[in-house]
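Shown below: coords_7.txt, with compact mmCIF, C-alpha atoms and all ligand atoms.
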# COMPACT_ATOMS: atom_id res chain seq x y z
CA MET Q 1 200.05 -64.16 30.15
CA PHE Q 2 196.99 -65.24 32.12
CA VAL Q 3 197.73 -62.59 34.72
CA TRP Q 4 197.75 -60.20 31.78
CA PHE Q 5 194.41 -61.62 30.52
CA GLN Q 6 192.97 -61.18 34.03
CA PHE Q 7 194.26 -57.62 34.04
CA CYS Q 8 192.55 -57.03 30.68
CA ASN Q 9 189.36 -58.72 31.91
CA LEU Q 10 189.03 -56.75 35.12
CA PHE Q 11 191.05 -53.57 35.16
CA ILE Q 12 190.91 -52.28 31.60
CA PRO Q 13 187.06 -52.27 31.51
CA ALA Q 14 187.19 -50.49 34.89
CA ILE Q 15 189.60 -47.87 33.48
CA VAL Q 16 187.36 -47.40 30.41
CA PHE Q 17 184.31 -46.98 32.68
CA CYS Q 18 186.10 -44.51 34.96
CA SER Q 19 187.25 -42.51 31.94
CA PHE Q 20 183.65 -42.14 30.75
CA VAL Q 21 182.52 -41.11 34.25
CA MET Q 22 185.36 -38.57 34.35
CA LEU Q 23 184.28 -37.22 30.96
CA THR Q 24 180.69 -36.78 32.19
CA VAL Q 25 181.61 -35.18 35.51
CA VAL Q 26 184.59 -33.08 34.38
CA PRO Q 27 184.42 -32.64 30.60
CA SER Q 28 187.94 -31.65 29.58
CA ASP Q 29 190.70 -32.50 27.11
CA ILE Q 30 192.34 -34.78 29.68
CA SER Q 31 189.07 -36.76 30.11
CA TRP Q 32 188.82 -37.15 26.34
CA PHE Q 33 192.43 -38.34 26.22
CA PHE Q 34 191.66 -41.09 28.79
CA VAL Q 35 188.46 -42.18 27.04
CA GLN Q 36 190.13 -42.47 23.64
CA TYR Q 37 193.28 -44.23 24.71
CA SER Q 38 191.73 -46.62 27.25
CA SER Q 39 189.08 -47.67 24.66
CA ILE Q 40 191.69 -48.29 21.97
CA PHE Q 41 193.80 -50.32 24.40
CA TYR Q 42 190.74 -52.33 25.47
CA PHE Q 43 189.68 -53.28 21.95
CA LEU Q 44 193.23 -54.06 20.84
CA GLU Q 45 193.73 -56.46 23.73
CA PHE Q 46 190.38 -58.22 23.33
CA SER Q 47 190.79 -58.62 19.59
CA ASN Q 48 194.01 -60.58 20.30
CA MET Q 49 192.45 -62.95 22.82
CA ARG Q 50 191.46 -66.27 21.26
CA LYS Q 51 188.94 -68.53 22.95
CA MET Q 52 188.65 -72.19 22.07
CA ASN Q 53 185.99 -74.84 21.72
CA MET Q 54 186.25 -78.07 23.63
CA ILE Q 55 185.17 -81.54 22.53
CA VAL Q 56 184.92 -84.38 25.01
CA ALA Q 57 183.17 -87.70 25.57
CA MET Q 58 182.48 -88.80 29.12
CA ASP Q 59 180.74 -91.60 30.98
CA THR Q 60 178.17 -91.26 33.78
CA GLU Q 61 180.94 -90.62 36.35
CA GLY Q 62 182.85 -88.05 34.29
CA GLY Q 63 185.33 -90.73 33.18
CA ILE Q 64 187.19 -89.91 29.96
CA GLY Q 65 190.18 -92.27 29.80
CA LYS Q 66 191.43 -95.64 30.94
CA ASN Q 67 194.93 -97.14 30.62
CA GLY Q 68 196.01 -94.25 28.41
CA VAL Q 69 193.23 -94.62 25.84
CA LEU Q 70 189.48 -94.10 25.46
CA PRO Q 71 187.50 -96.66 27.50
CA TRP Q 72 185.03 -97.18 24.63
CA ARG Q 73 184.93 -97.40 20.87
CA ILE Q 74 181.96 -95.54 19.41
CA ARG Q 75 182.12 -95.09 15.67
CA LYS Q 76 179.44 -92.39 15.54
CA ASP Q 77 181.28 -90.32 18.14
CA MET Q 78 184.59 -90.63 16.28
CA GLN Q 79 182.90 -89.53 13.05
CA TYR Q 80 181.35 -86.57 14.87
CA PHE Q 81 184.76 -85.65 16.34
CA ALA Q 82 186.46 -85.75 12.92
CA ALA Q 83 183.68 -83.81 11.17
CA VAL Q 84 183.31 -81.06 13.75
CA THR Q 85 187.02 -80.45 14.33
CA LYS Q 86 187.66 -80.26 10.56
CA LYS Q 87 184.67 -78.06 9.73
CA VAL Q 88 185.53 -74.51 8.59
CA SER Q 89 183.37 -71.77 7.16
CA ASP Q 90 186.31 -70.34 5.19
CA PRO Q 91 187.74 -73.04 2.89
CA ALA Q 92 191.10 -71.22 2.81
CA LYS Q 93 191.53 -71.90 6.54
CA ARG Q 94 191.85 -74.94 8.80
CA ASN Q 95 191.32 -75.59 12.50
CA ALA Q 96 193.82 -76.39 15.24
CA VAL Q 97 193.47 -79.31 17.66
CA LEU Q 98 195.15 -78.62 20.99
CA MET Q 99 196.02 -81.60 23.19
CA GLY Q 100 198.19 -82.82 26.05
CA ARG Q 101 201.16 -85.14 25.52
CA LYS Q 102 199.24 -88.16 26.87
CA CYS Q 103 196.30 -87.58 24.55
CA TRP Q 104 198.79 -87.28 21.64
CA GLU Q 105 200.37 -90.59 22.63
CA SER Q 106 196.94 -92.24 22.80
CA ILE Q 107 196.54 -91.66 19.05
CA PRO Q 108 198.08 -94.54 17.04
CA GLU Q 109 201.36 -93.39 15.46
CA SER Q 110 200.07 -94.18 11.99
CA ARG Q 111 197.13 -91.78 12.50
CA ARG Q 112 198.93 -88.79 13.93
CA PRO Q 113 199.18 -85.90 13.38
CA LEU Q 114 195.42 -85.84 12.85
CA PRO Q 115 194.98 -84.93 9.18
CA GLY Q 116 193.52 -81.67 7.92
CA ARG Q 117 194.13 -79.87 11.20
CA LEU Q 118 197.10 -78.13 12.85
CA ASN Q 119 198.03 -80.45 15.75
CA ILE Q 120 199.34 -78.64 18.84
CA VAL Q 121 200.80 -80.78 21.60
CA LEU Q 122 201.56 -79.42 25.07
CA SER Q 123 204.50 -81.04 26.81
CA ARG Q 124 207.21 -79.93 29.20
CA GLN Q 125 209.41 -82.91 28.30
CA LEU Q 126 209.08 -83.42 24.50
CA ALA Q 127 211.41 -81.35 22.32
CA GLU Q 128 209.72 -78.32 20.75
CA GLN Q 129 208.70 -78.77 17.10
CA ASN Q 130 207.24 -76.42 14.56
CA THR Q 131 206.20 -78.03 11.27
CA ASP Q 132 203.26 -77.45 8.95
CA ASN Q 133 200.99 -79.99 10.72
CA LEU Q 134 202.52 -80.22 14.18
CA LEU Q 135 203.54 -77.79 16.88
CA VAL Q 136 205.00 -79.13 20.13
CA VAL Q 137 205.15 -76.38 22.75
CA ASN Q 138 205.95 -76.31 26.44
CA SER Q 139 203.06 -74.14 27.65
CA LEU Q 140 199.54 -73.06 26.80
CA GLU Q 141 200.77 -69.47 26.77
CA SER Q 142 203.28 -70.33 24.00
CA ALA Q 143 200.56 -72.09 22.00
CA LEU Q 144 198.16 -69.14 22.27
CA LYS Q 145 200.96 -66.70 21.45
CA LEU Q 146 201.87 -68.63 18.28
CA LEU Q 147 198.19 -68.76 17.30
CA SER Q 148 197.85 -65.02 17.72
CA GLU Q 149 200.74 -64.32 15.34
CA ALA Q 150 201.36 -64.80 11.60
CA PRO Q 151 200.88 -67.17 9.87
CA PHE Q 152 198.39 -68.85 12.24
CA VAL Q 153 196.39 -65.78 13.25
CA ASP Q 154 194.97 -65.64 9.71
CA SER Q 155 195.04 -69.33 8.73
CA ILE Q 156 193.49 -71.01 11.80
CA GLU Q 157 189.72 -70.65 12.09
CA THR Q 158 188.87 -72.45 15.35
CA ILE Q 159 191.00 -73.84 18.15
CA TRP Q 160 189.63 -77.18 19.41
CA ASN Q 161 190.75 -78.36 22.81
CA ILE Q 162 190.63 -82.17 22.45
CA GLY Q 163 191.94 -83.12 25.89
CA GLY Q 164 192.91 -84.96 27.97
CA ALA Q 165 191.74 -83.97 31.42
CA GLU Q 166 194.78 -81.81 32.25
CA ILE Q 167 194.33 -79.67 29.15
CA TYR Q 168 190.54 -79.40 29.54
CA ASP Q 169 191.04 -78.38 33.19
CA LEU Q 170 193.65 -75.81 32.24
CA ALA Q 171 191.46 -74.10 29.62
CA LEU Q 172 188.33 -74.18 31.82
CA ARG Q 173 190.26 -72.77 34.78
CA GLU Q 174 191.59 -69.91 32.66
CA ASN Q 175 188.12 -69.18 31.22
CA LEU Q 176 189.32 -69.79 27.67
CA VAL Q 177 186.48 -72.11 26.62
CA ASP Q 178 183.61 -70.98 24.42
CA GLU Q 179 181.53 -73.95 23.16
CA ILE Q 180 181.66 -77.45 24.62
CA HIS Q 181 180.74 -80.37 22.37
CA LEU Q 182 179.88 -83.11 24.78
CA THR Q 183 179.09 -86.78 24.26
CA ARG Q 184 177.50 -88.28 27.38
CA ILE Q 185 177.67 -92.04 27.46
CA HIS Q 186 175.07 -93.73 29.66
CA LYS Q 187 177.41 -96.21 31.33
CA ASN Q 188 180.14 -96.22 33.99
CA PHE Q 189 183.43 -97.50 32.51
CA GLU Q 190 185.40 -97.24 35.78
CA ALA Q 191 187.83 -94.92 34.07
CA ASP Q 192 191.17 -93.85 35.59
CA VAL Q 193 191.07 -90.30 34.16
CA HIS Q 194 188.11 -88.06 35.00
CA LEU Q 195 187.04 -84.59 33.99
CA LYS Q 196 186.08 -83.01 37.29
CA SER Q 197 186.13 -79.33 36.38
CA LEU Q 198 183.00 -79.37 34.21
CA ASP Q 199 180.24 -77.87 36.36
CA PHE Q 200 176.82 -78.62 34.86
CA ASN Q 201 175.26 -75.89 37.02
CA LYS Q 202 177.23 -73.41 34.91
CA LEU Q 203 176.43 -74.98 31.55
CA LYS Q 204 173.53 -74.43 29.20
CA LYS Q 205 172.71 -76.84 26.40
CA ILE Q 206 172.42 -75.01 23.08
CA ILE Q 207 171.52 -77.91 20.81
CA ASP Q 208 171.21 -81.65 20.77
CA VAL Q 209 172.78 -83.40 17.84
CA GLU Q 210 169.69 -85.36 16.95
CA ALA Q 211 169.61 -89.12 17.11
CA SER Q 212 168.25 -91.00 14.15
CA SER Q 213 165.60 -92.97 16.03
CA GLU Q 214 162.22 -91.29 16.41
CA ASN Q 215 161.39 -89.16 19.49
CA SER Q 216 164.76 -89.79 21.08
CA GLU Q 217 167.84 -87.71 21.81
CA LEU Q 218 169.75 -90.92 22.28
CA PHE Q 219 172.05 -92.69 19.87
CA GLU Q 220 172.69 -96.37 20.30
CA GLU Q 221 175.69 -98.36 19.11
CA ASN Q 222 176.75 -101.85 20.17
CA GLY Q 223 174.31 -101.71 23.08
CA LEU Q 224 175.72 -98.37 24.32
CA GLN Q 225 173.41 -95.38 24.63
CA PHE Q 226 174.81 -91.89 24.31
CA GLU Q 227 173.77 -88.33 23.50
CA ILE Q 228 175.73 -85.61 21.74
CA GLY Q 229 175.11 -81.97 22.53
CA LYS Q 230 176.58 -78.52 22.18
CA TRP Q 231 176.82 -76.52 25.42
CA LYS Q 232 177.93 -73.07 26.51
CA ILE Q 233 179.24 -71.84 29.82
CA ILE Q 234 176.41 -69.66 31.20
CA GLU Q 235 178.67 -66.67 31.98
CA ASN Q 236 179.68 -66.67 28.30
CA CYS Q 237 176.12 -66.83 26.92
N1 LIG L 301 187.04 -88.98 26.34
C1 LIG L 301 187.65 -88.00 25.70
O1 LIG L 301 186.98 -87.17 25.05
C2 LIG L 301 189.15 -87.90 25.75
C3 LIG L 301 189.81 -86.88 25.05
C4 LIG L 301 191.19 -86.82 25.14
C5 LIG L 301 191.88 -87.73 25.90
N2 LIG L 301 191.20 -88.69 26.57
C6 LIG L 301 191.91 -89.65 27.43
O2 LIG L 301 192.46 -88.91 28.52
C7 LIG L 301 193.65 -89.57 28.97
C8 LIG L 301 194.79 -88.59 28.98
O3 LIG L 301 194.45 -87.47 29.77
P1 LIG L 301 195.45 -86.88 30.89
O4 LIG L 301 194.72 -85.82 31.63
O5 LIG L 301 196.02 -88.03 31.66
O6 LIG L 301 196.65 -86.30 30.03
P2 LIG L 301 196.72 -85.13 28.92
O7 LIG L 301 195.95 -83.96 29.39
O8 LIG L 301 196.39 -85.71 27.59
O9 LIG L 301 198.27 -84.83 28.91
C9 LIG L 301 198.93 -84.45 30.10
C10 LIG L 301 200.32 -83.99 29.73
O10 LIG L 301 200.22 -82.74 29.02
C11 LIG L 301 201.33 -81.95 29.34
N3 LIG L 301 200.87 -80.74 29.98
C12 LIG L 301 199.81 -80.57 30.82
N4 LIG L 301 199.70 -79.29 31.19
C13 LIG L 301 200.69 -78.63 30.57
C14 LIG L 301 201.11 -77.28 30.54
N5 LIG L 301 200.46 -76.31 31.23
N6 LIG L 301 202.19 -76.93 29.79
C15 LIG L 301 202.85 -77.87 29.09
N7 LIG L 301 202.52 -79.18 29.06
C16 LIG L 301 201.45 -79.54 29.79
C17 LIG L 301 202.23 -82.76 30.25
O11 LIG L 301 203.08 -83.49 29.37
P3 LIG L 301 204.59 -83.90 29.78
O12 LIG L 301 204.44 -84.95 30.85
O13 LIG L 301 205.17 -84.42 28.50
O14 LIG L 301 205.25 -82.66 30.29
C18 LIG L 301 201.23 -83.69 30.90
O15 LIG L 301 201.82 -84.88 31.41
C19 LIG L 301 193.86 -90.74 28.01
O16 LIG L 301 193.32 -91.92 28.58
C20 LIG L 301 193.06 -90.35 26.78
O17 LIG L 301 192.63 -91.47 26.01
C21 LIG L 301 189.85 -88.79 26.52
If you convert what's in this file into structure tokens, what do you get?
Amino acid sequence: MFVWFQFCNLFIPAIVFCSFVMLTVVPSDISWFFVQYSSIFYFLEFSNMRKMNMIVAMDTEGGIGKNGVLPWRIRKDMQYFAAVTKKVSDPAKRNAVLMGRKCWESIPESRRPLPGRLNIVLSRQLAEQNTDNLLVVNSLESALKLLSEAPFVDSIETIWNIGGAEIYDLALRENLVDEIHLTRIHKNFEADVHLKSLDFNKLKKIIDVEASSENSELFEENGLQFEIGKWKIIENC
């Protein structure tokens, strides 16, 4: 599927461009045929491609997890996570939260699936499941295919990639990420899982989620300082 996406990304625009050049240089019925059909193909493919937002909290070293769970407990960040991943502009819809098997297992059993959202878990070893709140699938391609078909194509507003590192890496590598909601915690937790694929040279901060204290972008909770911001990958801006 990703090879197909790459094909759509690179070759179809090239074919559309060449068709227009052909039409200018040699105006004929055949040129018109190429222009019309390559354009239709291009727009059909791109309308099917769904990007996702990503939400992550990291420490000063890019650490995101330790011993299978979050290395910190920050109430404000958890509230932000719940609010932003549930928020929809169309009340008839809901969002999906996409996660890896280890991230799923880090959520206490009593609190999963995360309520109010379609939970999608990627695993090559768990049995596939397809219920109203929970999809377990064995590849990202399967997840994106399901989301591009009925009933999810119309009922899911935003796909949120909620981690862990393997699933963030996968989506970033495949250029499937649109917005990144990032909490940066000003401390090193000596984590055992790190997010290495986030390149700050390729990111642009769109907004800071403002802290309550005056003249400061920083939040503070239990002696921990952190900032919450919304970023975009520069190529996508
Ligand atoms: N700070 C944060 O914002 C944040 C967010 C989320 C998680 N975390 C932390 O991150 C840690 C977990 O991250 P992680 O990177 O170790 O694990 P993960 O990404 O949560 O899950 C990895 C698992 O996902 C499955 N998987 C990965 N790629 C797949 C693919 N292409 N197709 C199908 N299945 C695939 C595999 O499951 P199987 O082995 O079952 O095949 C793999 O073992 C935990 O400590 C968690 O608390 C932190």
Could you name the residues that touch Asn53 in chain Q at 8 Å or less, counting all atoms listed in the file, but leaving out those on the same chain fewer than 6 positions away, as a ChimeraX atom specification?
-> /Q:158-161,177-181
Using only C-alpha atoms and all ligand atoms, find each residue with an atom at most 6 Å away from ligand LIG 301 (chain L) and format the answer as a PDB file with C-alpha atoms, in the frame of the given file.
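That gives us part_31.pdb:
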ATOM      1  CA  VAL Q  56     184.920 -84.380  25.010  1.00  0.00           C
ATOM      2  CA  ALA Q  57     183.170 -87.700  25.570  1.00  0.00           C
ATOM      3  CA  MET Q  58     182.480 -88.800  29.120  1.00  0.00           C
ATOM      4  CA  ILE Q  64     187.190 -89.910  29.960  1.00  0.00           C
ATOM      5  CA  GLY Q  65     190.180 -92.270  29.800  1.00  0.00           C
ATOM      6  CA  LYS Q  66     191.430 -95.640  30.940  1.00  0.00           C
ATOM      7  CA  ASN Q  67     194.930 -97.140  30.620  1.00  0.00           C
ATOM      8  CA  GLY Q  68     196.010 -94.250  28.410  1.00  0.00           C
ATOM      9  CA  VAL Q  69     193.230 -94.620  25.840  1.00  0.00           C
ATOM     10  CA  LEU Q  70     189.480 -94.100  25.460  1.00  0.00           C
ATOM     11  CA  GLY Q 100     198.190 -82.820  26.050  1.00  0.00           C
ATOM     12  CA  ARG Q 101     201.160 -85.140  25.520  1.00  0.00           C
ATOM     13  CA  LYS Q 102     199.240 -88.160  26.870  1.00  0.00           C
ATOM     14  CA  CYS Q 103     196.300 -87.580  24.550  1.00  0.00           C
ATOM     15  CA  SER Q 106     196.940 -92.240  22.800  1.00  0.00           C
ATOM     16  CA  LEU Q 122     201.560 -79.420  25.070  1.00  0.00           C
ATOM     17  CA  SER Q 123     204.500 -81.040  26.810  1.00  0.00           C
ATOM     18  CA  ARG Q 124     207.210 -79.930  29.200  1.00  0.00           C
ATOM     19  CA  GLN Q 125     209.410 -82.910  28.300  1.00  0.00           C
ATOM     20  CA  LEU Q 126     209.080 -83.420  24.500  1.00  0.00           C
ATOM     21  CA  ASN Q 138     205.950 -76.310  26.440  1.00  0.00           C
ATOM     22  CA  SER Q 139     203.060 -74.140  27.650  1.00  0.00           C
ATOM     23  CA  LEU Q 140     199.540 -73.060  26.800  1.00  0.00           C
ATOM     24  CA  ILE Q 162     190.630 -82.170  22.450  1.00  0.00           C
ATOM     25  CA  GLY Q 163     191.940 -83.120  25.890  1.00  0.00           C
ATOM     26  CA  GLY Q 164     192.910 -84.960  27.970  1.00  0.00           C
ATOM     27  CA  ALA Q 165     191.740 -83.970  31.420  1.00  0.00           C
ATOM     28  CA  GLU Q 166     194.780 -81.810  32.250  1.00  0.00           C
ATOM     29  CA  ILE Q 167     194.330 -79.670  29.150  1.00  0.00           C
ATOM     30  CA  VAL Q 193     191.070 -90.300  34.160  1.00  0.00           C
TER      31      VAL Q 193
END
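CA of Glu109 in chain Q to CA of Val121 in chain Q spans 14.0 Å [interatomic distance, one decimal].
Remark: for Asp90 in chain Q, the closest of the candidate residues Q:Ile107, Q:Ile156, Q:Leu144, Q:Leu118 is Q:Ile156 (distances computed over all atoms listed in the file).
The nearest approach to Ile185 in chain Q among the residues Q:Met54, Q:Val136, Q:Ile228, Q:Met99, with only C-alpha atoms taken into account, belongs to Q:Ile228.
What separates CA of Ala82 in chain Q from CA of Ser142 in chain Q is a distance of 25.4 Å.
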If you count all atoms listed in the file, which residues fall within 9 Å of Phe81 in chain Q, apart from same-chain ones fewer than 3 positions away, as a list in words?
-> Ile55, Val56, Lys76, Asp77, Met78, Val84, Thr85, Lys86 and His181 of chain Q
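Checking Q:Trp104, Q:Leu182, Q:Ala92, Q:Lys187 one by one against Asp154 in chain Q, counting only C-alpha atoms, you find the shortest gap at Q:Ala92.
Among the candidate residues Q:Arg112, Q:Lys145, Q:Arg117, Q:Lys93, the one lying nearest to Arg50 in chain Q is Q:Lys145, with distances computed using only C-alpha atoms.
CA of Pro71 in chain Q sits 20.8 Å away from CA of Val97 in chain Q.
The nearest approach to Glu210 in chain Q among the residues Q:Asp132, Q:Asp192, Q:Glu149, Q:Glu227, with only C-alpha atoms taken into account, belongs to Q:Glu227.
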Would you list the contacts of Ile74 in chain Q as a compact mmCIF listing (two decimals) with C-alpha atoms, keeping the file's coordinate frame, taking every protein, DNA or RNA residue within 9 Å and counting only C-alpha atoms, but skipping same-chain residues closer than 6 positions in sequence?
# COMPACT_ATOMS: atom_id res chain seq x y z
CA GLU Q 221 175.69 -98.36 19.11
CA ASN Q 222 176.75 -101.85 20.17
CA LEU Q 224 175.72 -98.37 24.32
